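J.: Got entry.tsv for you, TSV, C-alpha atoms:
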chain	number	residue	atom	x	y	z
A	1	MET	CA	13.97	31.74	32.01
A	2	GLY	CA	13.78	28.59	29.93
A	3	LYS	CA	14.96	27.69	26.48
A	4	ILE	CA	14.04	29.41	23.23
A	5	SER	CA	14.46	28.23	19.66
A	6	LEU	CA	17.83	28.99	18.06
A	7	ASN	CA	15.85	30.88	15.41
A	8	ASP	CA	14.94	33.46	18.01
A	9	VAL	CA	18.45	33.77	19.40
A	10	ARG	CA	20.14	37.06	18.39
A	11	ALA	CA	23.68	38.34	18.70
A	12	GLY	CA	24.08	40.25	21.94
A	13	MET	CA	21.92	37.87	24.00
A	14	VAL	CA	23.55	36.30	27.05
A	15	LEU	CA	23.49	32.57	27.80
A	16	ALA	CA	21.74	31.58	31.03
A	17	ALA	CA	23.11	28.04	30.76
A	18	ASP	CA	25.86	26.19	28.89
A	19	VAL	CA	25.07	25.22	25.29
A	20	GLN	CA	25.97	21.57	24.79
A	21	ASP	CA	26.10	19.49	21.64
A	22	ARG	CA	24.35	16.14	21.32
A	23	ASN	CA	27.25	14.38	23.00
A	24	GLY	CA	27.03	16.60	26.07
A	25	ARG	CA	30.15	18.55	25.13
A	26	THR	CA	29.96	22.22	26.06
A	27	LEU	CA	30.20	24.53	23.03
A	28	LEU	CA	29.70	27.81	24.85
A	29	GLY	CA	29.50	28.55	28.56
A	30	LYS	CA	26.87	30.23	30.69
A	31	GLY	CA	27.19	34.03	30.95
A	32	ILE	CA	28.81	34.51	27.54
A	33	GLU	CA	27.42	37.06	25.12
A	34	ILE	CA	26.39	35.40	21.86
A	35	SER	CA	27.82	36.58	18.52
A	36	GLU	CA	26.64	35.91	14.94
A	37	LYS	CA	29.52	33.48	14.60
A	38	HIS	CA	28.38	31.52	17.66
A	39	ILE	CA	24.90	31.17	16.12
A	40	ARG	CA	26.43	29.82	12.89
A	41	VAL	CA	28.52	27.31	14.85
A	42	PHE	CA	25.44	26.23	16.86
A	43	ARG	CA	23.61	25.56	13.60
A	44	MET	CA	26.49	23.50	12.30
A	45	TRP	CA	26.43	21.38	15.44
A	46	GLY	CA	22.70	20.78	15.26
A	47	ILE	CA	21.84	22.94	18.26
A	48	THR	CA	18.13	23.77	18.11
A	49	GLU	CA	17.58	25.82	21.26
A	50	ALA	CA	19.37	27.85	23.89
A	51	ASP	CA	18.69	29.12	27.38
A	52	ILE	CA	18.90	32.93	27.25
A	53	ARG	CA	19.13	35.30	30.18
A	54	GLY	CA	15.99	37.40	30.54
A	55	VAL	CA	14.14	35.91	27.54
A	56	ALA	CA	11.43	33.25	27.83
A	57	MET	CA	9.51	31.33	25.18
A	58	GLU	CA	6.44	33.36	26.14
A	59	ASP	CA	8.22	36.61	25.19
A	60	VAL	CA	9.11	35.25	21.78
A	61	ALA	CA	5.55	33.99	21.34
A	62	ALA	CA	4.12	37.39	22.31
A	63	GLN	CA	6.48	39.09	19.86
A	64	ASP	CA	5.51	36.75	17.02
A	65	ALA	CA	1.83	37.24	17.76
A	66	ALA	CA	2.13	41.03	17.93
A	67	ALA	CA	3.69	41.08	14.47
A	68	ILE	CA	0.54	39.62	12.88
A	69	ASP	CA	-2.47	41.58	11.72
A	70	PRO	CA	-5.13	41.05	14.44
A	71	ALA	CA	-7.91	40.07	12.02
A	72	ALA	CA	-5.71	37.45	10.35
A	73	ARG	CA	-4.61	36.16	13.72
A	74	GLU	CA	-8.17	35.79	14.92
A	75	LYS	CA	-9.13	33.85	11.82
A	76	ALA	CA	-6.08	31.61	12.15
A	77	GLU	CA	-6.63	31.02	15.85
A	78	GLU	CA	-10.22	30.00	15.20
A	79	ALA	CA	-9.18	27.47	12.54
A	80	ILE	CA	-6.41	26.05	14.71
A	81	ARG	CA	-8.68	25.83	17.75
A	82	ALA	CA	-11.05	23.73	15.66
A	83	ALA	CA	-8.25	21.46	14.44
A	84	PHE	CA	-6.95	21.05	18.01
A	85	ARG	CA	-10.37	20.50	19.59
A	86	PHE	CA	-9.43	17.03	20.85
A	87	ALA	CA	-5.96	18.02	22.01
A	88	ASP	CA	-5.04	19.09	25.54
A	89	MET	CA	-4.16	22.75	25.15
A	90	GLU	CA	-2.71	22.86	28.68
A	91	HIS	CA	0.16	20.62	27.60
A	92	ALA	CA	3.32	22.60	26.85
A	93	GLY	CA	4.14	20.54	23.74
A	94	THR	CA	0.64	20.73	22.30
A	95	LYS	CA	0.48	24.44	23.08
A	96	GLU	CA	3.68	25.09	21.15
A	97	LEU	CA	2.45	23.02	18.16
A	98	ALA	CA	-0.79	25.04	18.14
A	99	ARG	CA	1.15	28.31	18.33
A	100	LEU	CA	3.33	27.29	15.38
A	101	ALA	CA	0.20	26.15	13.52
A	102	VAL	CA	-1.34	29.61	13.90
A	103	LEU	CA	1.81	31.27	12.50
A	104	ARG	CA	1.81	28.75	9.66
A	105	TYR	CA	-1.85	29.37	8.89
A	106	VAL	CA	-1.27	33.13	8.72
A	107	ARG	CA	1.76	32.58	6.48
A	108	THR	CA	-0.27	30.40	4.10
A	109	MET	CA	-3.09	32.95	4.01
A	110	THR	CA	-0.66	35.78	3.26
A	111	GLU	CA	1.09	33.78	0.55
A	112	ALA	CA	-2.24	32.92	-1.07
A	113	GLN	CA	-3.21	36.60	-1.08
A	114	ASP	CA	0.13	37.72	-2.47
A	115	GLY	CA	-0.04	35.03	-5.16
A	116	HIS	CA	-3.54	36.18	-6.04
A	117	GLN	CA	-2.50	39.80	-6.34
A	118	SER	CA	0.50	39.10	-8.51
A	119	THR	CA	-1.53	37.14	-11.08
B	1	MET	CA	-22.75	-8.04	10.25
B	2	ASP	CA	-19.59	-8.20	12.28
B	3	ILE	CA	-16.30	-7.93	10.44
B	4	SER	CA	-13.09	-9.10	12.01
B	5	PRO	CA	-9.66	-7.68	11.21
B	6	ARG	CA	-8.63	-11.15	9.97
B	7	ASP	CA	-11.42	-11.19	7.35
B	8	LEU	CA	-10.32	-7.80	6.08
B	9	LEU	CA	-6.75	-8.91	5.65
B	10	LYS	CA	-7.45	-12.14	3.79
B	11	GLY	CA	-6.63	-10.79	0.36
B	12	TYR	CA	-3.42	-9.22	1.57
B	13	VAL	CA	-1.87	-12.51	2.59
B	14	GLU	CA	-1.32	-13.43	-1.03
B	15	VAL	CA	0.29	-10.11	-1.82
B	16	SER	CA	3.68	-11.39	-0.81
B	17	SER	CA	5.60	-9.67	-3.57
B	18	LEU	CA	6.41	-6.79	-1.28
B	19	PRO	CA	8.68	-8.47	1.21
B	20	THR	CA	10.60	-10.58	-1.32
B	21	ILE	CA	13.15	-7.89	-2.09
B	22	HIS	CA	13.12	-6.85	1.54
B	23	PHE	CA	13.86	-10.38	2.71
B	24	ARG	CA	16.54	-10.97	0.11
B	25	LEU	CA	18.22	-7.78	1.23
B	26	GLU	CA	17.93	-8.57	4.93
B	27	GLU	CA	19.26	-12.05	4.29
B	28	ALA	CA	22.30	-10.67	2.49
B	29	ILE	CA	22.89	-8.05	5.20
B	30	ASN	CA	22.68	-10.57	8.03
B	31	ASN	CA	24.84	-13.14	6.29
B	32	PRO	CA	28.43	-12.59	7.43
B	33	LYS	CA	29.71	-14.30	4.28
B	34	LYS	CA	28.11	-11.65	2.06
B	35	SER	CA	30.10	-8.55	1.19
B	36	MET	CA	28.94	-5.02	0.47
B	37	SER	CA	29.12	-5.74	-3.24
B	38	ASP	CA	26.89	-8.81	-2.80
B	39	ILE	CA	24.34	-6.58	-1.11
B	40	ALA	CA	24.64	-3.98	-3.86
B	41	LYS	CA	24.03	-6.74	-6.38
B	42	VAL	CA	20.74	-7.74	-4.73
B	43	ILE	CA	19.54	-4.18	-5.26
B	44	ARG	CA	20.94	-3.90	-8.78
B	45	ASP	CA	18.96	-6.99	-9.79
B	46	ASP	CA	15.88	-4.80	-9.44
B	47	PRO	CA	16.34	-1.88	-11.86
B	48	GLY	CA	13.23	-0.05	-10.62
B	49	LEU	CA	14.41	-0.19	-7.05
B	50	THR	CA	17.91	0.85	-8.10
B	51	ALA	CA	16.54	3.96	-9.81
B	52	ARG	CA	14.27	4.84	-6.88
B	53	LEU	CA	17.03	4.46	-4.31
B	54	LEU	CA	19.51	6.54	-6.31
B	55	ARG	CA	16.92	9.27	-6.63
B	56	ILE	CA	16.31	9.32	-2.88
B	57	VAL	CA	20.00	9.27	-2.04
B	58	ASN	CA	20.56	12.24	-4.36
B	59	SER	CA	17.65	14.26	-2.96
B	60	ALA	CA	17.43	16.89	-0.20
B	61	PHE	CA	16.85	13.92	2.06
B	62	TYR	CA	20.61	13.56	2.32
B	63	ASN	CA	21.97	16.68	0.73
B	64	PHE	CA	25.28	15.04	-0.12
B	65	PRO	CA	27.81	17.45	-1.60
B	66	SER	CA	28.39	15.33	-4.69
B	67	ARG	CA	26.26	13.01	-6.79
B	68	VAL	CA	25.94	9.37	-5.82
B	69	GLU	CA	26.15	7.57	-9.15
B	70	THR	CA	25.98	3.89	-8.28
B	71	ILE	CA	24.33	1.57	-5.79
B	72	SER	CA	27.76	0.46	-4.57
B	73	GLN	CA	28.52	4.06	-3.65
B	74	ALA	CA	25.11	4.39	-2.00
B	75	VAL	CA	25.70	1.24	0.05
B	76	THR	CA	29.02	2.62	1.28
B	77	ILE	CA	27.77	6.10	2.07
B	78	VAL	CA	24.28	5.45	3.40
B	79	GLY	CA	24.86	2.02	4.90
B	80	THR	CA	23.20	-1.30	4.20
B	81	GLN	CA	20.57	-1.17	6.99
B	82	GLN	CA	19.54	2.31	6.00
B	83	LEU	CA	19.31	1.44	2.34
B	84	SER	CA	17.29	-1.64	3.17
B	85	ALA	CA	14.81	0.47	5.15
B	86	LEU	CA	14.48	2.91	2.24
B	87	ALA	CA	13.98	-0.01	-0.14
B	88	LEU	CA	11.14	-1.22	2.04
B	89	ALA	CA	9.52	2.22	2.10
B	90	THR	CA	9.52	2.60	-1.67
B	91	SER	CA	8.43	-1.01	-2.22
B	92	VAL	CA	5.33	-0.58	-0.06
B	93	MET	CA	4.37	2.59	-1.91
B	94	LYS	CA	4.89	0.91	-5.25
B	95	MET	CA	2.76	-1.96	-4.10
B	96	PHE	CA	-0.21	0.25	-3.39
B	97	LYS	CA	0.24	2.07	-6.68
B	98	GLY	CA	-2.93	2.16	-8.69
B	99	ILE	CA	-5.18	1.80	-5.67
B	100	GLU	CA	-8.07	4.14	-6.14
B	101	SER	CA	-10.01	5.34	-3.20
B	102	HIS	CA	-13.13	7.44	-3.29
B	103	VAL	CA	-12.86	7.87	0.44
B	104	VAL	CA	-9.60	9.82	0.68
B	105	SER	CA	-7.28	10.99	-2.09
B	106	MET	CA	-4.23	8.75	-2.32
B	107	ASP	CA	-2.11	11.79	-2.95
B	108	SER	CA	-3.19	13.26	0.35
B	109	PHE	CA	-2.74	9.93	2.12
B	110	TRP	CA	0.87	9.55	0.99
B	111	ARG	CA	1.64	13.19	1.74
B	112	HIS	CA	0.60	12.60	5.32
B	113	SER	CA	2.53	9.32	5.47
B	114	ILE	CA	5.74	10.71	3.97
B	115	ALA	CA	5.57	13.81	6.17
B	116	CYS	CA	5.15	11.59	9.24
B	117	GLY	CA	8.14	9.53	8.12
B	118	LEU	CA	10.22	12.69	7.74
B	119	ALA	CA	9.23	13.97	11.19
B	120	ALA	CA	10.04	10.61	12.77
B	121	ARG	CA	13.41	10.62	11.04
B	122	VAL	CA	14.17	14.15	12.29
B	123	LEU	CA	13.18	13.26	15.87
B	124	ALA	CA	15.30	10.10	15.73
B	125	THR	CA	18.29	12.07	14.47
B	126	MET	CA	17.85	14.61	17.26
B	127	ARG	CA	18.01	11.73	19.71
B	128	ARG	CA	21.26	10.64	18.06
B	129	ASP	CA	19.71	7.40	16.88
B	130	THR	CA	22.04	5.86	14.31
B	131	THR	CA	19.25	4.28	12.23
B	132	PRO	CA	16.96	7.17	11.29
B	133	GLU	CA	15.69	5.42	8.13
B	134	ARG	CA	14.02	2.80	10.32
B	135	PHE	CA	11.90	5.63	11.71
B	136	PHE	CA	11.18	6.97	8.25
B	137	VAL	CA	9.67	3.62	7.24
B	138	ALA	CA	7.77	3.33	10.52
B	139	GLY	CA	6.28	6.80	10.02
B	140	MET	CA	5.41	6.05	6.42
B	141	LEU	CA	3.57	2.88	7.34
B	142	HIS	CA	1.81	3.97	10.54
B	143	ASP	CA	-1.57	4.50	8.84
B	144	ILE	CA	-1.33	1.65	6.32
B	145	GLY	CA	-4.38	0.05	7.98
B	146	ARG	CA	-6.49	2.90	6.61
B	147	LEU	CA	-5.64	1.83	3.05
B	148	VAL	CA	-7.06	-1.60	3.87
B	149	LEU	CA	-10.23	-0.05	5.29
B	150	PHE	CA	-10.67	2.38	2.39
B	151	THR	CA	-10.31	-0.33	-0.24
B	152	LYS	CA	-12.00	-3.27	1.46
B	153	LEU	CA	-14.76	-1.35	3.21
B	154	ALA	CA	-15.21	1.71	1.01
B	155	ALA	CA	-18.87	2.38	1.81
B	156	LYS	CA	-18.41	1.71	5.51
B	157	SER	CA	-15.35	4.00	5.55
B	158	GLN	CA	-17.42	6.80	4.02
B	159	GLU	CA	-19.97	6.29	6.75
B	160	ILE	CA	-17.25	6.35	9.42
B	161	LEU	CA	-15.85	9.61	8.01
B	162	ARG	CA	-19.34	11.12	8.14
B	163	ARG	CA	-19.79	9.90	11.68
B	164	ALA	CA	-16.49	11.55	12.70
B	165	HIS	CA	-17.48	14.74	10.90
B	166	ASN	CA	-20.93	14.91	12.48
B	167	GLY	CA	-19.77	13.96	15.95
B	168	PRO	CA	-17.45	15.67	15.80
B	169	MET	CA	-15.06	12.99	16.92
B	170	LEU	CA	-11.63	11.63	16.16
B	171	LEU	CA	-11.65	9.31	13.17
B	172	TYR	CA	-10.13	6.40	15.09
B	173	GLU	CA	-12.82	6.75	17.75
B	174	ALA	CA	-15.44	6.61	15.00
B	175	GLU	CA	-13.74	3.50	13.60
B	176	ARG	CA	-13.83	1.86	17.01
B	177	GLU	CA	-17.51	2.71	17.40
B	178	ALA	CA	-18.48	1.41	13.99
B	179	LEU	CA	-16.17	-1.59	13.66
B	180	GLY	CA	-15.02	-2.46	17.15
B	181	PHE	CA	-11.38	-1.90	16.13
B	182	THR	CA	-9.28	0.82	14.53
B	183	HIS	CA	-7.00	1.23	11.50
B	184	ALA	CA	-4.06	0.91	13.91
B	185	VAL	CA	-4.91	-2.73	14.66
B	186	ILE	CA	-5.41	-3.50	10.97
B	187	GLY	CA	-2.08	-1.88	10.12
B	188	GLY	CA	-0.22	-3.76	12.83
B	189	MET	CA	-1.72	-7.05	11.74
B	190	LEU	CA	-0.94	-6.42	8.08
B	191	LEU	CA	2.71	-5.72	8.84
B	192	GLN	CA	2.80	-8.88	10.93
B	193	ILE	CA	1.32	-10.92	8.06
B	194	TRP	CA	3.98	-9.46	5.79
B	195	LYS	CA	6.57	-10.63	8.36
B	196	LEU	CA	8.09	-7.19	8.61
B	197	PRO	CA	10.14	-6.27	11.71
B	198	ALA	CA	8.21	-6.51	14.98
B	199	SER	CA	9.01	-2.85	15.71
B	200	LEU	CA	7.05	-1.70	12.62
B	201	GLU	CA	4.11	-3.84	13.68
B	202	GLU	CA	4.05	-2.50	17.23
B	203	ILE	CA	4.49	1.13	16.15
B	204	ALA	CA	1.55	0.91	13.71
B	205	MET	CA	-0.56	-0.94	16.27
B	206	PHE	CA	-0.04	1.56	19.09
B	207	HIS	CA	0.62	4.90	17.41
B	208	HIS	CA	-2.53	6.29	19.06
B	209	ASP	CA	-1.89	4.49	22.35
B	210	PRO	CA	1.88	4.61	22.87
B	211	ALA	CA	1.59	3.69	26.56
B	212	SER	CA	0.61	0.17	25.47
B	213	ALA	CA	3.75	-0.38	23.39
B	214	SER	CA	5.73	-2.76	25.57
B	215	ARG	CA	8.63	-3.77	23.33
B	216	PHE	CA	9.35	-0.58	21.39
B	217	PRO	CA	8.06	2.27	23.57
B	218	MET	CA	10.58	4.84	22.36
B	219	GLU	CA	10.02	4.09	18.66
B	220	THR	CA	6.26	4.18	19.16
B	221	ALA	CA	6.46	7.46	21.11
B	222	ILE	CA	8.44	9.02	18.24
B	223	VAL	CA	5.91	8.05	15.57
B	224	HIS	CA	3.03	9.02	17.88
B	225	LEU	CA	4.47	12.53	18.20
B	226	SER	CA	5.40	12.71	14.50
B	227	ASP	CA	1.81	11.96	13.51
B	228	ILE	CA	0.63	14.81	15.76
B	229	ILE	CA	3.29	17.21	14.44
B	230	VAL	CA	2.38	16.67	10.79
B	231	HIS	CA	-1.31	16.98	11.60
B	232	ALA	CA	-0.53	20.30	13.26
B	233	MET	CA	1.46	21.26	10.15
B	234	ASN	CA	-1.49	20.23	7.97
B	235	LEU	CA	0.64	18.22	5.55
B	236	GLY	CA	-1.72	15.82	3.78
B	237	SER	CA	-4.30	13.68	5.53
B	238	SER	CA	-5.20	10.05	5.90
B	239	GLY	CA	-8.81	11.02	6.60
B	240	GLU	CA	-8.44	12.42	10.10
B	241	MET	CA	-9.57	16.03	10.37
B	242	TYR	CA	-8.29	16.79	13.84
B	243	VAL	CA	-4.93	16.85	15.56
B	244	PRO	CA	-4.85	13.64	17.64
B	245	PRO	CA	-4.28	14.08	21.38
B	246	LEU	CA	-0.71	13.87	22.63
B	247	ASP	CA	0.07	11.18	25.18
B	248	PRO	CA	1.90	12.99	28.02
B	249	GLY	CA	3.91	9.87	28.87
B	250	ALA	CA	5.22	9.60	25.29
B	251	TRP	CA	6.18	13.27	25.35
B	252	GLU	CA	8.07	12.82	28.63
B	253	LYS	CA	9.86	9.80	27.27
B	254	LEU	CA	11.29	11.82	24.39
B	255	GLY	CA	12.57	14.55	26.71
B	256	LEU	CA	12.00	17.17	24.05
B	257	HIS	CA	11.86	20.82	24.96
B	258	PRO	CA	8.86	22.59	23.35
B	259	SER	CA	11.20	25.15	21.80
B	260	ALA	CA	12.79	22.35	19.73
B	261	LEU	CA	9.54	21.86	17.78
B	262	THR	CA	10.27	24.88	15.58
B	263	SER	CA	13.42	23.18	14.38
B	264	VAL	CA	11.64	19.85	13.80
B	265	GLU	CA	9.02	21.57	11.65
B	266	GLU	CA	11.65	23.52	9.71
B	267	GLN	CA	13.57	20.35	8.90
B	268	VAL	CA	10.39	18.60	7.76
B	269	ASP	CA	9.48	21.61	5.61
B	270	ARG	CA	12.94	21.67	4.06
B	271	GLN	CA	12.74	18.01	2.98
B	272	TYR	CA	9.03	17.70	2.29
B	273	HIS	CA	8.74	18.69	-1.38
B	274	ASP	CA	11.84	16.86	-2.45
B	275	ALA	CA	10.76	13.75	-0.54
B	276	LEU	CA	7.31	13.85	-2.16
B	277	GLN	CA	8.83	14.17	-5.60
B	278	THR	CA	11.31	11.37	-5.17
B	279	MET	CA	8.98	9.02	-3.35
B	280	MET	CA	5.90	9.61	-5.45
B	281	ALA	CA	7.50	9.93	-8.86
B	282	ASP	CA	6.83	6.37	-9.95
B	283	ALA	CA	5.37	4.95	-6.79
Can you give me the file's structure in the form of structure tokens?
T.:
Amino acid sequence: MGKISLNDVRAGMVLAADVQDRNGRTLLGKGIEISEKHIRVFRMWGITEADIRGVAMEDVAAQDAAAIDPAAREKAEEAIRAAFRFADMEHAGTKELARLAVLRYVRTMTEAQDGHQST
Amino acid sequence: MDISPRDLLKGYVEVSSLPTIHFRLEEAINNPKKSMSDIAKVIRDDPGLTARLLRIVNSAFYNFPSRVETISQAVTIVGTQQLSALALATSVMKMFKGIESHVVSMDSFWRHSIACGLAARVLATMRRDTTPERFFVAGMLHDIGRLVLFTKLAAKSQEILRRAHNGPMLLYEAEREALGFTHAVIGGMLLQIWKLPASLEEIAMFHHDPASASRFPMETAIVHLSDIIVHAMNLGSSGEMYVPPLDPGAWEKLGLHPSALTSVEEQVDRQYHDALQTMMADA
């Protein structure tokens, strides 16, 4: 299914491939169910992503997108499209940077609003 | 009137104060007869540098569990090469202190530069490179050519920014159209004039064209991607309004999975404010 960010890995998910540290040493084998403790250990070893059975990056992206208010998302997507106008949006790396940029834009907008309301 | 990069850089040849400390440090590091304490002494002879380095070493940049009180400690913990790279980074910033630009805010310029340095350092660490500070400096200096353009050709730079805005087009394309060369060439040449390491020169020269970097392709690919990441994160700006296009070859070379980008951005975010504070405090 492909790798997802460790941030999106939850206890109970099952590894579709071994998780290896930067030296190629296996920390946890394929087929094992992940616990909270495993996630903490991964973090300690600088693991940034994992291959999870039945979960793809696209699922996580869809979930993130669904959690945002549609009007805010549209506004953010428009701004990010403009900023990325000279970038190749078909490229997987660029696409992911643009996706993160949209989330970031929404976060900044929300924070600005909250800050405004509290003053 | 045609301007050549050489003409633009004339005034900068005399500004040789920057590398002095850098060269004294490098000399001490590369001299097998010099000890760690000799190297620490070179740094201690410059109280400003000493203070700046201690501040960096004690910041979120390193997140050491206990305070590093002296340069000797810093040399032992951080390493001489790493400390030398950091010394270079802060010296360049200090050197450009007081430069006013009506073209782009200096604050914004250095935010972009520091963020790019942080991203390059994170990417280098992920690749298990043992000299991440080298990448920090390279990222910090990648757009240094813009400072030359903004100060030496202020009016022309305004015009180039307008041209990019109206195009719309990428700023470096507008530079090429208007001048026949880009800030990348100016930056590379400046670093060469300053006799800084050839890797820094090549990275600055080819950060928008990493496929042309023949001697340091990996280093150049890292800074190329870092520049794009921090543009996407919208952390400061050196004048460019758009996210520069990613070179697919550079991306392949780094072997990064897209899902790792979240972690790169998080690490940059975590260090960003502290790095700004420590680097810009008296720079």
J.: Would you mind listing, as a list in words, all residues of chain B that have at least one atom within 7 Å of chain A, where all atoms listed in the file are what counts?
T.: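 Selected residues: Ile229, Ala232, Met233, Met241, Tyr242, Val243, Pro244, Pro245, Leu246, Pro258, Ser259, Ala260, Thr262 and Ser263 of chain B.
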J.: Could you jot down the CA of Pro248 in chain B to CA of Glu90 in chain A separation for me, Å, one decimal place?
T.: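 Distance reported for this atom pair: 10.9 Å.
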J.: Rounded to one decimal, what separation in Å do you get between CA of Ala221 in chain B and CA of Gly145 in chain B?
T.: 18.6 Å
J.: So the first atom is CA of Met218 in chain B and the second is CA of Val137 in chain B; what is the distance between them in Å, to one decimal place?
T.: 15.2 Å
J.: Nearest to Leu149 in chain B among B:Thr130, B:Thr20, B:Ser101, B:Gln267, with distances taken over only C-alpha atoms: which residue is it?
T.: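 Going through B:Thr130, B:Thr20, B:Ser101, B:Gln267 one by one, the smallest distance to Leu149 in chain B is for B:Ser101.
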J.: In terms of the shortest atom-to-atom distance over all atoms listed in the file, which of B:His273, B:Phe96, B:Leu88, B:Ala164 is closest to Leu200 in chain B?
T.: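 Nearest to Leu200 in chain B: B:Leu88.
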J.: Check the smallest atom-to-atom distance from each of A:Trp45, A:Ile39, A:Ala11, A:Val106 to Gly24 in chain A using only C-alpha atoms, then report the winner.
T.: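 Checking each of A:Trp45, A:Ile39, A:Ala11, A:Val106 against Gly24 in chain A, counting only C-alpha atoms, the winner is A:Trp45.
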J.: Can you pull out the residues contacting Pro210 in chain B? Cut-off 12 Å, using all atoms listed in the file, and skip same-chain residues under 6 positions away; I want them as a short mmCIF file (atom, residue, chain, number, x, y, z; two decimals) with C-alpha atoms, in the coordinates of the input.
T.:
data_model
loop_
_atom_site.label_atom_id
_atom_site.label_comp_id
_atom_site.auth_asym_id
_atom_site.auth_seq_id
_atom_site.Cartn_x
_atom_site.Cartn_y
_atom_site.Cartn_z
CA ALA B 184 -4.06 0.91 13.91
CA GLU B 202 4.05 -2.50 17.23
CA ILE B 203 4.49 1.13 16.15
CA ALA B 204 1.55 0.91 13.71
CA PHE B 216 9.35 -0.58 21.39
CA PRO B 217 8.06 2.27 23.57
CA MET B 218 10.58 4.84 22.36
CA GLU B 219 10.02 4.09 18.66
CA THR B 220 6.26 4.18 19.16
CA ALA B 221 6.46 7.46 21.11
CA ILE B 222 8.44 9.02 18.24
CA VAL B 223 5.91 8.05 15.57
CA HIS B 224 3.03 9.02 17.88
CA LEU B 225 4.47 12.53 18.20
CA ASP B 227 1.81 11.96 13.51
CA PRO B 245 -4.28 14.08 21.38
CA LEU B 246 -0.71 13.87 22.63
CA ASP B 247 0.07 11.18 25.18
CA PRO B 248 1.90 12.99 28.02
CA GLY B 249 3.91 9.87 28.87
CA ALA B 250 5.22 9.60 25.29
CA TRP B 251 6.18 13.27 25.35
CA GLU B 252 8.07 12.82 28.63
CA LYS B 253 9.86 9.80 27.27
CA LEU B 254 11.29 11.82 24.39
#
J.: Given the choices A:Gly54, A:Asp64, A:Arg73, A:Gly12, which gets closest to Lys37 in chain A if the distance is worked out from all atoms listed in the file?
T.: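 Answer, going by the shortest atom-to-atom distance: A:Gly12.
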J.: So that I can see what lies close to Ala60 in chain B, please list as a list of chain:residue names the residues with an atom at most 12 Å from it, counting all atoms listed in the file and leaving out residues fewer than 2 positions away in the same chain.
T.: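 After dropping sequence-adjacent residues, the list is B:Arg55, B:Ile56, B:Val57, B:Asn58, B:Tyr62, B:Asn63, B:Phe64, B:Pro65, B:Ser66, B:Arg67, B:Leu118, B:Gln267, B:Val268, B:Asp269, B:Arg270, B:Gln271, B:Tyr272, B:His273, B:Asp274, B:Ala275, B:Leu276, B:Gln277, B:Thr278, B:Met279.
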J.: Could you give me the axis-aligned bounding box of range 32-39 of chain A, with 3 Å of padding per side, as centre plus edge lengths in Å to one decimal, as lines of an AutoDock Vina configuration file?
T.:
center_x = 27.2
center_y = 34.1
center_z = 21.1
size_x = 10.6
size_y = 11.9
size_z = 18.9
J.: Using only C-alpha atoms, what residues lie at most 10 Å away from (28.8, -4.7, -1.1) (file coordinates), given as a list in words?
T.: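 Within the cut-off we find Ala28, Ile29, Lys34, Ser35, Met36, Ser37, Asp38, Ile39, Ala40, Lys41, Val42, Ile71, Ser72, Gln73, Ala74, Val75, Thr76, Gly79 and Thr80 of chain B.
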J.: Just C-alpha atoms for this one: save the residues we selected as an mmCIF file, in the coordinates of the input.
T.:
data_model
loop_
_atom_site.group_PDB
_atom_site.id
_atom_site.type_symbol
_atom_site.label_atom_id
_atom_site.label_comp_id
_atom_site.auth_asym_id
_atom_site.auth_seq_id
_atom_site.Cartn_x
_atom_site.Cartn_y
_atom_site.Cartn_z
ATOM 1 C CA ALA B 28 22.300 -10.670 2.490
ATOM 2 C CA ILE B 29 22.890 -8.050 5.200
ATOM 3 C CA LYS B 34 28.110 -11.650 2.060
ATOM 4 C CA SER B 35 30.100 -8.550 1.190
ATOM 5 C CA MET B 36 28.940 -5.020 0.470
ATOM 6 C CA SER B 37 29.120 -5.740 -3.240
ATOM 7 C CA ASP B 38 26.890 -8.810 -2.800
ATOM 8 C CA ILE B 39 24.340 -6.580 -1.110
ATOM 9 C CA ALA B 40 24.640 -3.980 -3.860
ATOM 10 C CA LYS B 41 24.030 -6.740 -6.380
ATOM 11 C CA VAL B 42 20.740 -7.740 -4.730
ATOM 12 C CA ILE B 71 24.330 1.570 -5.790
ATOM 13 C CA SER B 72 27.760 0.460 -4.570
ATOM 14 C CA GLN B 73 28.520 4.060 -3.650
ATOM 15 C CA ALA B 74 25.110 4.390 -2.000
ATOM 16 C CA VAL B 75 25.700 1.240 0.050
ATOM 17 C CA THR B 76 29.020 2.620 1.280
ATOM 18 C CA GLY B 79 24.860 2.020 4.900
ATOM 19 C CA THR B 80 23.200 -1.300 4.200
#
